[in-house]
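Chemist: Below is one structure. I have some questions about it.
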Amino acid sequence: MIACSRLIGANPTGAVRTVSLAVRHMMNEIDCHRWIVAYSGGADSLALAVAAADLASRRGEPLEAVTIDHGLRPESAQHAEQAACILEELGVDTTVLSVTVDQSEGVEAGARNARYDALRKRARSARAGVLLGHTMDDQAETVLLGLARGSGARSLGGMRPVIREDVTWVRPLLGVRAVDTRRMCETLNLQIVEDPTNALDGPWTKPDGSPLPRIAVRHKVIPALSNALGQDAVPALARTATLLTRDADALDTLTPDGGELDVDELATHPRAIRSRIFKRSAESAGARDLSSAHLDALDALVTHYRGQGPIHLANGVFAWREKVSQPPGKRVIRIRKTNEHVEHWKARHDPTLGDEHESL
């Protein structure tokens, strides 16, 4: 990795300085002493890997680059090995991992899930943080895709710089433009391995042959939006993501944790808070990927109750409203992963009464 430090030098300038400072700031902020770089050979991940290897070398910390071979193209293994060789020649330990992609939810989603699962397993084994090469341009694409889905503040907040789960995921380049990562590679004469799936006419398409949404947004929507506005739209979209993330974080701090879902208590909260309470409770019960329709139905149990029956959320999780015996007249919402209570509810509830059944 010393070769990376020689390449960058003691006082880098231009795009090399921009990328290096961003990586240095984030790696200094996170308490990790071993790192894995998610590396594909593209300009973003290559610039990230070289900058991270430079800093890790100066600090005497171990760093490994991991390249994922999704096996979705005949030449994917060759491209993965080609990318790995570029970093290995610079003294960076690089590992190629082959994965099996489940395409039941689409090739793009399947590849992403397989990639993150492999990185997570490697990071757990090494007890390392993972550096991801997403840039400001990727963030802008995420915001636009969220807008197209009608997403809320959390989703429109885009990708977070740091996510602490069982593994710490770090995105140092969210404030850096993609053009700067490419300029850094050109300045340092680093060979970029282009991924054809990122091209507008790439091999991954929708059933009708048109580009996948993210590719279309990258090559068509953002340039058209910038042209229509007469200014670069990417920084503004990224700034929107930052502001919405702050708003979502603030709302999360105001959201009560756990406890019984008392209807009268829920009614005192604004809709935004109730939605977060419902989402936390449903996820705790095992439901995932709640839609706006699910949250609307849950909220109706509080604001527009007309005796409606249990709501099937996801993964066998149901929600319903009922009265409890103590204190008399108290009304609660149950969210549970069970059919037993739902069948009991159906057996005892008279929908013509327009009110809750007695306690189950």
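Residues are referred to by chain and number: the chain letter is A, B, ... according to the order shown in the structure tokens, the number counts from 1 in that chain, and ligands are numbered separately from 1 in the order shown.
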What are the DSSP strand (DSSP E) residues of stretch 80-306 of chain A, as a VMD selection string?

Modeler: chain A and resid 93 to 98 129 to 131 162 to 164 168 to 170 261 to 262

Chemist: Using 8 Å as the limit and counting only C-alpha atoms, can you tabulate each residue of stretch 122-196 of chain A that touches stretch 208-227 of chain A, with its shortest atom-to-atom distance in Å and the two atoms involved, as a Markdown table?

Modeler:
| residue | atom | partner | partner_atom | distance |
| --- | --- | --- | --- | --- |
| A:Glu141 | CA | A:Val217 | CA | 6.3 |
| A:Thr142 | CA | A:Arg214 | CA | 7.9 |
| A:Leu144 | CA | A:Val217 | CA | 7.6 |
| A:Leu145 | CA | A:Arg214 | CA | 7.3 |

Chemist: Would you please extract all alpha helix (DSSP H) residues from stretch 98-323 of chain A, as assigned by DSSP on the backbone, and give them as an MDAnalysis selection string?

Modeler: chainID A and resid 107:126 136:149 153:156 178:187 213:216 222:229 233:253 263:267 271:285 292:303

Chemist: Considering only C-alpha atoms, return as a PyMOL selection string whatever protein or nucleic-acid residues lie within 12 Å of stretch 23-32 of chain A, sequence-local ones (same chain, fewer than 5 positions apart) excluded.

Modeler: chain A and resi 16-18+37+44-45+47-56+58-59+61-63+123+126-135+161-164+167-176+181

Chemist: Atom CA of A:Val143 and atom CA of A:Ile192, how far apart in Å?

Modeler: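 It comes out at 26.9 Å.
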
Chemist: Can you pull out every residue within 7 Å of A:Arg154, counting only C-alpha atoms, but drop anything in the same chain fewer than 6 positions away, and send it as a count of residues only?

Modeler: 3

Chemist: Write out, as a tab-separated table, each residue of stretch 112-223 of chain A that has an atom at most 8 Å from stretch 71-88 of chain A, together with the closest pair of atoms and their distance in Å to one decimal, counting only C-alpha atoms, rows going by chain and rising number.

Modeler:
residue	atom	partner	partner_atom	distance
A:Leu190	CA	A:Ile86	CA	7.9
A:Gln191	CA	A:Ile86	CA	7.2
A:Ile192	CA	A:Ala83	CA	7.9
A:Val193	CA	A:Ala83	CA	6.2

Chemist: I'd like the neighbourhood of A:Arg288 as a PyMOL selection string, where a residue qualifies if any of its atoms comes within 10 Å (using only C-alpha atoms), though same-chain residues fewer than 4 positions away should be ignored.

Modeler: chain A and resi 279+282-284+313-315+317

Chemist: Between atom CA of A:Tyr116 and atom CA of A:Thr253, what is the distance, to one decimal in Å?

Modeler: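 About the pair atom CA of A:Tyr116 and atom CA of A:Thr253: they are 28.2 Å apart.
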
Chemist: Find the residues around A:Ile277 up to 10 Å (only C-alpha atoms counted), leave out those fewer than 4 positions away in its own chain, and share them as a list in words.

Modeler: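 The filter keeps Asp252, Thr255, Pro256, Asp257, Gly258, Gly259, Leu261, Leu266, His269, Arg271, Ala272, Ile273, Ser281 and Ala282 of chain A.
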
Chemist: For those residues, write C-alpha atoms to a file as a PDB file, in the first residue's frame.

Modeler:
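Resulting contents of part_19.pdb:
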ATOM      1  CA  ASP A 252     -37.370   9.859  14.962  1.00  0.00           C
ATOM      2  CA  THR A 255     -41.171   9.181  18.329  1.00  0.00           C
ATOM      3  CA  PRO A 256     -41.892   7.163  21.496  1.00  0.00           C
ATOM      4  CA  ASP A 257     -40.191   3.773  21.738  1.00  0.00           C
ATOM      5  CA  GLY A 258     -42.191   0.583  22.158  1.00  0.00           C
ATOM      6  CA  GLY A 259     -45.046   0.289  24.583  1.00  0.00           C
ATOM      7  CA  LEU A 261     -50.385   1.126  21.069  1.00  0.00           C
ATOM      8  CA  LEU A 266     -51.841   7.675  19.262  1.00  0.00           C
ATOM      9  CA  HIS A 269     -49.599  12.587  17.883  1.00  0.00           C
ATOM     10  CA  ARG A 271     -49.563  11.726  11.508  1.00  0.00           C
ATOM     11  CA  ALA A 272     -45.810  11.713  10.875  1.00  0.00           C
ATOM     12  CA  ILE A 273     -45.145  10.474  14.421  1.00  0.00           C
ATOM     13  CA  SER A 281     -44.014  -1.827  15.921  1.00  0.00           C
ATOM     14  CA  ALA A 282     -44.641  -3.662  12.658  1.00  0.00           C
TER      15      ALA A 282
END

Chemist: Could you tell me which of A:Ile333, A:Arg160, A:Trp204, A:Leu147 comes closest to A:Ala109 if we count only C-alpha atoms?

Modeler: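 Distance minimum relative to A:Ala109 lands on A:Trp204.
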